[in-house]
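See structure below.
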Amino acid sequence: MDRHPLTEAPSRGLGRTRRWATGRTDQRVERTLGALAVAVLVFIAAMLVTVFVKAWPSFSHNGLSWFGPGGDVDTQLRAMQEIKALPGHSLYYFRAWPLIWGTLLTTVLAVLLALIVSTLAAIFLTEFAPRALRRTLDPVIRLLAAVPSVIYGLIGILVIAPYINNHLISDARKASVSYVVQLNGADVMTAALILTVMILPIMTAISAGAFAAVPAAWREGSLALGVNRWRTIWRVSLHAARPAIVAATVLATARALGEAVMLAMVAGGRGFAPNLLDGVTALFEPVRPLAATIFQNSEGLSIPALGHTIYAIGAVLLVSAAMLSLGGWAAKQRFKRYGVRA
Amino acid sequence: MSTVELAPSTAGHGLAPPPGTAIARAPRERTGSWPLIDRVAYVLCWTVGIGLCLIALAIVLFMLVKGVAYLHPKLFVESPAPSLKESQSGGFLDPIIGTLIVAGLGIAIAAPIGVALGTWLAEYGRPSWLARAVESAIEIIAGAPSVVLALFGLLIFAQGYLGFLSQTAASGGVYGRSFFAAGAVMAVLALPLVVASTREALTRLPDRLREASFALGRTPATTVRRVLLPAIRPDIATGTVLGLGRIIGDTAIINILLGTYLTLQKVGNAPVIGTLRGTGSTLTSYIYSNSPAGEGNAPQKAYAAAFVLLVIVLILNGIVTWLTNRGGQSEGGGLSRAFRLIPNWSKLTWR
Amino acid sequence: MDPMMPPPVRRIAVDRDPYVAPPRAAPNGAAPAPATAVATRRHTAKAPSANVRERMSIDSVWLAYGENWVVRDVSLPVRQGEVLAMIGASGSGKTTLLRSLNRLTEITAGAARTGSIMLDGQDIHELEVNELRRRVTMVFQQPNPFPMSIFDNVAYALAERPGRGGRRRRRSPGIEAAVTDALHRAGLYDEVGGDLERSALRLSGGQQQRLCIARALAAEPEVLLLDEPCSALDPISTATIEDLIVELRDSVAIVIVTHNLQQAFRVADHVAFMHLGELVEYGTSEQVFDRPTMDRTRDYISGAFG
């Protein structure tokens, strides 16, 4: 069979078969599939709408200060659970700042760390690793990505947290904040470390794919100009891989935001807002990120005020994930300016 | 003109340098001449690479050690029983059954819908605003935290008219938690993976495959069903197994939609439906419950169950690797196999 | 001349120019030079340069990939002030030999060599490889501008000199002057000088290749290696680059590998004909094209194979 070059190309874009779908059966098939697509769309839209509808009372009672500080989150949640309003406030009174701050601390730390490590790992994988090591590292990365979060949580709470508690947090440090909070190894640092390991694989995989896709012509051209291999990677390959690294970061941040179980086990379980003025000790203070809060209060969903508050937290998570995707897309558009293929 | 002699002349030259001349092989680039900061970066890269291997090794070895220490065959056949002593708190039969039920339900719903959706996106996709909306919706699900999906699931299944899918209390309130509910939301979790695999695989198939089928008189619908989908079977399998992995590893949805009872609780008397309407646990929620973060403080059981879970996940991972390697090797073979699915394909001639 | 021999390539090139070069407008808007200026320019530019000195010497070099000796016992001089063209059929080893001049063959595992290559009296294998590649730069067959702005592309190699900082120094007057100078020498400044921050990938093929030449020149090399630089370009861009090559030969030693015999005739002062790894003939371009001493050279030039 002769191969015509025009038909060798894989079909790009959508709707390859649609052009020929004119018969009656075809139209029925197309309409059925289309109806399915509409159903899925309606389902997802309904999900978004209902979550926001259920979340609205909590926002309407608190206004914008929902996001601000004001009292202990755990006390507020408990008040809602016992349906006994705190004195001077409504039952819906809620100030989520400690939770938001905890989420920010763990997520930003983990993503920054993972960004550096995954870029170095991707460079190692594609440029410096000998072939045998490269072949071993591929399944290793896939393995790390496949481990369920509850196992990471288990290792964290049974091994890492005690280790940090016994070896990295001195008694003096514990004493310095004991009037506010107890340090026991389940804290920002442990959570961020394990979160880093959890989001590393996907970032490394995407970045490595981008580095491997850099045209050899650029690498050769740079070497031929007398630029050593590391500088070539740093100035050309990294430059070309930037859109993919941005995409990977967005994906990893979304994953980190949504991580509930591991953080519920390891981050401390207390709605505490670490005080940066404590210095390094702040890293050893417990937090409870947003997703973990939902997870740990899931029994109270039928209680009116508590339920609304939890849905409100869910809505905040959804909006953050959506904004992340948008931000990532905008960043990719900026890189397209120099002709770097995303 | 005489014919040209194209072989090299051996006059004066050999096919190899005269013996005794020093032959130098290409050296690896010496980093000794690099500026310091570049050398530091080079060492860092190596450290990170080796470090990753070590971390993975540490995790696997640790779980292996703990698992072997605490795993007994009888754990597989006993149901969890509340007890203060670990040695009497039973095994994890129910959680394993629960995992199988949830995974089976989830994939049974997600796979057909996902393949159908992926096919529609790749092959039809009209009107285009609908296609783009569906793609965005799938991306939203893919990025949404599983806790939020679970919240939404609870909202749906706690509605009165869906009470048959779970338990209804005497006061009329629908419990909303059951294997049905968990399975359905797990399907939503796995859907994006199946859709993405199907769609990308279909887009990668060249047009000439479709044209060949149409040229031989098959309708487009039949082409999709008989030629295209079988051609991408490995990719569909990959997507399904990836979704399965995601389902099996999730705890948040289980905790919210299946409750925290460790044993299977049937609702009603129907044999299978009763179990599906009831609640129970899976390996993941069992591990969570037995860890210091949950109620029971039975780390040994937690380690044993974690080991079993890890083995299951690794096997699934291995299946995905095997599937992708197989698909890749027979890239040309897969395509010609696809062509053979069109009857009378050999009668086709290309101009 | 032997009446039985087919007419040499040269006559074809002289009798009719197969293309029309665009008239170049002078910067102050004066009338463009007459069309015949192209043909005449070729002839006058071919006058040998006054200042010719030897820059590199290739001595009994053998090169292999794995067990296969691709270049066998080749010795050539490379001189500044002249253009050396290496011609030959595919697989004759000319590209490999070119790449060995800046040790680019070393990035392929399993490459072996013997013999010596000297740059200004120093063995290039004793030099630090990156310093060598700054002194002997290369332009490739496919234009490969980096995905950066035009300015960053040309300044790319400049920032690597020891003692240079990073982007802070990008706008230092030294670098800006060097970039402008390189663009002028490559004949590209008139066309892109207005906006140097544009992405280099937006340029046309010929402009991209001239950008690559500018980039190679910015490092002020002693030798410029060109690996079939015009094979991916249209005739007009080819003509521009060929003019450029002839202009540059006084300041840099130029080695060009080309498949195109007419091009070799147009630009080269010395020609080396290689076949299956061996140097069959080396001489001035008049001598090799008009009076080849070896049968194989004659066969190749007359198109019997290739």
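Labels used: A, B, ... for chains in the order of the structure tokens, numbers from 1 for residues in each chain, and numbers from 1 for ligands as shown.
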
Item checked: Which of region 86-121 of chain C fall in alpha helix (DSSP H), as a list in words -> Lys94, Thr95, Thr96, Leu97, Leu98, Arg99, Ser100 and Leu101 of chain C

Checklist line | Who sits within 7 Å of Leu196 (chain C), only C-alpha atoms, same chain under 3 positions skipped, as a ChimeraX atom specification | finding: /C:149-151,192-193

I need the residues from that last selection saved to file as a short mmCIF file (atom, residue, chain, number, x, y, z; two decimals), in the first residue's frame (with N, CA and C atoms), if you can.
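The resulting file, out_24.cif, is reproduced below:
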data_model
loop_
_atom_site.label_atom_id
_atom_site.label_comp_id
_atom_site.auth_asym_id
_atom_site.auth_seq_id
_atom_site.Cartn_x
_atom_site.Cartn_y
_atom_site.Cartn_z
N SER C 149 14.70 36.70 21.91
CA SER C 149 14.70 37.85 21.01
C SER C 149 15.96 37.84 20.16
N ILE C 150 15.94 38.68 19.13
CA ILE C 150 17.10 38.77 18.23
C ILE C 150 18.33 39.19 19.01
N PHE C 151 18.14 40.19 19.87
CA PHE C 151 19.27 40.68 20.64
C PHE C 151 19.85 39.57 21.50
N VAL C 192 16.65 44.34 10.54
CA VAL C 192 16.04 44.10 11.85
C VAL C 192 16.44 45.11 12.89
N GLY C 193 17.31 46.05 12.51
CA GLY C 193 17.87 46.94 13.52
C GLY C 193 16.82 47.74 14.26
#

Check: Taking only C-alpha atoms into account, which residues of chain C are within 10 Å of chain A, as a PyMOL selection string?
Finding: chain C and resi 99+102-104+107+128-149+156-161+197-202+212+215-219+221+225

With N, CA and C atoms kept, could you save the residues just selected as a compact mmCIF listing (two decimals), in the first residue's frame?
# COMPACT_ATOMS: atom_id res chain seq x y z
N ARG C 99 32.97 18.99 11.56
CA ARG C 99 32.57 18.97 12.96
C ARG C 99 33.73 18.64 13.88
N ASN C 102 35.76 21.78 15.46
CA ASN C 102 35.46 22.38 16.76
C ASN C 102 35.05 21.32 17.77
N ARG C 103 35.52 20.13 17.56
CA ARG C 103 35.33 19.02 18.49
C ARG C 103 33.87 18.72 18.75
N LEU C 104 33.02 19.03 17.79
CA LEU C 104 31.61 18.70 17.96
C LEU C 104 31.37 17.21 17.80
N ILE C 107 30.43 14.99 21.00
CA ILE C 107 29.16 14.79 21.69
C ILE C 107 28.50 13.48 21.28
N GLU C 128 40.83 23.88 26.20
CA GLU C 128 39.54 23.62 26.86
C GLU C 128 38.46 23.69 25.79
N VAL C 129 37.58 22.75 25.80
CA VAL C 129 36.70 22.58 24.64
C VAL C 129 35.81 23.78 24.40
N ASN C 130 35.30 24.39 25.49
CA ASN C 130 34.41 25.52 25.27
C ASN C 130 35.16 26.74 24.76
N GLU C 131 36.43 26.88 25.20
CA GLU C 131 37.19 28.00 24.68
C GLU C 131 37.48 27.77 23.20
N LEU C 132 37.74 26.54 22.83
CA LEU C 132 37.96 26.25 21.42
C LEU C 132 36.73 26.61 20.61
N ARG C 133 35.56 26.24 21.14
CA ARG C 133 34.35 26.48 20.36
C ARG C 133 33.98 27.94 20.29
N ARG C 134 34.57 28.76 21.16
CA ARG C 134 34.35 30.19 21.01
C ARG C 134 35.24 30.75 19.92
N ARG C 135 36.40 30.09 19.73
CA ARG C 135 37.32 30.59 18.70
C ARG C 135 37.01 29.99 17.34
N VAL C 136 36.35 28.84 17.34
CA VAL C 136 35.98 28.21 16.07
C VAL C 136 34.49 27.98 16.14
N THR C 137 33.70 28.88 15.55
CA THR C 137 32.24 28.74 15.69
C THR C 137 31.64 28.13 14.43
N MET C 138 30.40 27.70 14.57
CA MET C 138 29.79 26.90 13.51
C MET C 138 28.38 27.37 13.20
N VAL C 139 28.02 27.33 11.93
CA VAL C 139 26.65 27.61 11.51
C VAL C 139 26.12 26.35 10.85
N PHE C 140 24.92 25.96 11.22
CA PHE C 140 24.41 24.67 10.79
C PHE C 140 23.54 24.77 9.55
N GLN C 141 23.16 23.62 9.06
CA GLN C 141 22.41 23.55 7.82
C GLN C 141 21.02 24.15 8.00
N GLN C 142 20.33 23.70 9.04
CA GLN C 142 19.03 24.28 9.32
C GLN C 142 19.23 25.48 10.25
N PRO C 143 18.69 26.63 9.91
CA PRO C 143 18.85 27.76 10.84
C PRO C 143 18.25 27.38 12.20
N ASN C 144 18.99 27.61 13.27
CA ASN C 144 18.48 27.22 14.58
C ASN C 144 18.56 28.37 15.58
N PRO C 145 17.86 29.47 15.30
CA PRO C 145 17.88 30.55 16.30
C PRO C 145 17.18 30.09 17.57
N PHE C 146 17.68 30.54 18.70
CA PHE C 146 17.09 30.15 19.97
C PHE C 146 15.74 30.85 20.14
N PRO C 147 14.86 30.29 20.99
CA PRO C 147 13.56 30.92 21.17
C PRO C 147 13.64 32.14 22.07
N MET C 148 14.42 33.11 21.62
CA MET C 148 14.57 34.34 22.39
C MET C 148 14.49 35.50 21.42
N SER C 149 14.70 36.70 21.91
CA SER C 149 14.70 37.85 21.01
C SER C 149 15.96 37.84 20.16
N TYR C 156 24.12 35.89 22.87
CA TYR C 156 24.14 34.65 23.64
C TYR C 156 25.54 34.23 24.03
N ALA C 157 26.42 34.18 23.05
CA ALA C 157 27.77 33.68 23.37
C ALA C 157 28.57 34.71 24.12
N LEU C 158 28.17 35.99 24.01
CA LEU C 158 28.99 37.03 24.63
C LEU C 158 28.92 36.94 26.13
N ALA C 159 27.74 36.55 26.65
CA ALA C 159 27.59 36.54 28.10
C ALA C 159 28.38 35.43 28.73
N GLU C 160 28.91 34.54 27.91
CA GLU C 160 29.58 33.39 28.49
C GLU C 160 31.05 33.62 28.73
N ARG C 161 31.56 34.76 28.28
CA ARG C 161 32.99 34.96 28.52
C ARG C 161 33.22 35.04 30.02
N GLU C 197 14.05 43.40 19.87
CA GLU C 197 13.44 42.58 20.90
C GLU C 197 12.43 41.60 20.34
N ARG C 198 12.26 41.67 19.02
CA ARG C 198 11.35 40.74 18.39
C ARG C 198 11.84 39.31 18.57
N SER C 199 10.90 38.37 18.55
CA SER C 199 11.31 36.97 18.64
C SER C 199 12.07 36.59 17.38
N ALA C 200 13.16 35.89 17.57
CA ALA C 200 13.98 35.51 16.44
C ALA C 200 13.28 34.50 15.54
N LEU C 201 12.29 33.81 16.11
CA LEU C 201 11.64 32.78 15.31
C LEU C 201 10.68 33.38 14.29
N ARG C 202 10.44 34.69 14.39
CA ARG C 202 9.52 35.30 13.44
C ARG C 202 10.20 35.68 12.14
N CYS C 212 21.97 33.46 12.59
CA CYS C 212 22.89 32.46 13.13
C CYS C 212 24.33 32.82 12.81
N ARG C 215 25.27 35.53 15.12
CA ARG C 215 25.50 34.95 16.43
C ARG C 215 26.87 34.31 16.50
N ALA C 216 27.24 33.63 15.41
CA ALA C 216 28.55 32.99 15.40
C ALA C 216 29.65 34.03 15.32
N LEU C 217 29.37 35.16 14.69
CA LEU C 217 30.41 36.18 14.55
C LEU C 217 30.57 37.02 15.81
N ALA C 218 29.50 37.06 16.62
CA ALA C 218 29.54 37.95 17.78
C ALA C 218 30.66 37.56 18.72
N ALA C 219 30.98 36.29 18.73
CA ALA C 219 32.03 35.84 19.63
C ALA C 219 33.41 36.15 19.09
N PRO C 221 35.16 35.04 16.36
CA PRO C 221 35.92 33.81 16.23
C PRO C 221 37.09 33.99 15.28
N LEU C 225 32.91 27.97 10.72
CA LEU C 225 32.60 26.75 9.99
C LEU C 225 31.15 26.82 9.51

Note to self: Give me, as a list in words, the residues of chain B touching chain C, with the criterion being at most 7 Å (counting only C-alpha atoms).
What the structure shows: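 Interface list for chain B against chain C: Pro8, Ala16, Pro17, Ala22, Ile23, Ala24, Arg25, Ala26 and Pro27 of chain B.
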
Would you put the residues from that selection into a file with N, CA and C atoms, as a CSV table (one decimal), in the first residue's frame?
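See selection31.csv below for the written result:
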chain,number,residue,atom,x,y,z
B,8,PRO,N,36.5,3.0,-2.6
B,8,PRO,CA,37.7,3.8,-2.3
B,8,PRO,C,38.9,3.2,-2.8
B,16,ALA,N,42.0,1.5,7.8
B,16,ALA,CA,42.2,1.9,9.2
B,16,ALA,C,43.5,2.5,9.3
B,17,PRO,N,43.7,3.3,10.4
B,17,PRO,CA,45.0,4.0,10.6
B,17,PRO,C,46.1,2.9,10.8
B,22,ALA,N,48.2,6.4,17.9
B,22,ALA,CA,47.3,6.6,19.1
B,22,ALA,C,45.9,6.9,18.6
B,23,ILE,N,45.0,6.2,19.1
B,23,ILE,CA,43.6,6.4,18.8
B,23,ILE,C,42.9,7.0,20.1
B,24,ALA,N,42.3,8.1,19.9
B,24,ALA,CA,41.6,8.8,21.1
B,24,ALA,C,40.1,8.6,21.0
B,25,ARG,N,39.5,8.2,22.0
B,25,ARG,CA,38.0,8.1,22.0
B,25,ARG,C,37.5,9.4,22.6
B,26,ALA,N,36.2,9.7,22.2
B,26,ALA,CA,35.6,10.9,22.7
B,26,ALA,C,35.4,10.9,24.2
B,27,PRO,N,36.0,11.9,24.9
B,27,PRO,CA,35.8,11.8,26.4
B,27,PRO,C,34.5,12.4,26.8

Next item on the list: Pick out the residues sitting within 8 Å of Leu183 (chain C), and hand them over as an MDAnalysis selection string; count only C-alpha atoms, and ignore anything fewer than 6 positions along from it in its own chain.
Entry: chainID C and resid 154 189 211 214

As a PDB file with C-alpha atoms, in the first residue's frame, could you give me every residue of chain B near chain A (at most 6 Å apart, counting only C-alpha atoms)?
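Contents of part_34.pdb, as written:
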ATOM      1  CA  CYS B  45      21.229  17.505  39.800  1.00  0.00           C
ATOM      2  CA  VAL B  48      18.386  15.086  43.413  1.00  0.00           C
ATOM      3  CA  GLY B  49      18.284  12.220  40.966  1.00  0.00           C
ATOM      4  CA  TRP B 120     -17.872  12.243  20.921  1.00  0.00           C
ATOM      5  CA  ALA B 122     -12.733  13.445  19.124  1.00  0.00           C
ATOM      6  CA  GLU B 123     -15.005  12.274  16.352  1.00  0.00           C
ATOM      7  CA  TYR B 124     -18.038  14.536  16.402  1.00  0.00           C
ATOM      8  CA  GLY B 125     -17.814  17.498  18.659  1.00  0.00           C
ATOM      9  CA  VAL B 134     -17.551  19.840  27.896  1.00  0.00           C
ATOM     10  CA  PRO B 145     -10.368  18.241  45.095  1.00  0.00           C
ATOM     11  CA  VAL B 148     -15.467  18.783  47.110  1.00  0.00           C
ATOM     12  CA  THR B 203      -6.840  11.964  17.682  1.00  0.00           C
ATOM     13  CA  ARG B 204      -3.584  10.134  17.087  1.00  0.00           C
ATOM     14  CA  LEU B 205      -5.151   7.702  14.651  1.00  0.00           C
ATOM     15  CA  PRO B 206      -4.458   8.923  11.119  1.00  0.00           C
ATOM     16  CA  ASP B 207      -7.245   9.972   8.840  1.00  0.00           C
ATOM     17  CA  ARG B 208      -6.471   7.331   6.258  1.00  0.00           C
ATOM     18  CA  PRO B 220     -19.169   6.270  10.181  1.00  0.00           C
ATOM     19  CA  ALA B 221     -20.971   4.885  13.194  1.00  0.00           C
ATOM     20  CA  GLY B 249      -6.233   5.337  46.449  1.00  0.00           C
ATOM     21  CA  ILE B 256     -17.700  11.250  53.471  1.00  0.00           C
ATOM     22  CA  ALA B 293      -5.556  10.198  63.336  1.00  0.00           C
TER      23      ALA B 293
END

Margin query: Taking 4 positions as the minimum chain separation for residues in the same chain, which residues sit within 10 Å of Ser57 (chain C) when counting only C-alpha atoms? Answer as a VMD selection string.
Written below: chain C and resid 75 to 79 101 116 to 123

Check: Do you know which residues are at most 7 Å from region 251-268 of chain C counting only C-alpha atoms, after dropping those on the same chain fewer than 5 positions away, and could you put them as a list in words?
Finding: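 Within the cut-off, the hits are Ala13, Arg42, Val78, Arg79, Gln80, Gly81, Glu82, Val83, Leu84, Ala85, Met86, Ile87, Gly88, Lys94, Thr95, Pro221, Glu222, Val223, Leu224, Leu225, Leu226, Asp227, Glu228, Glu242, Val246 and Ser285 of chain C.
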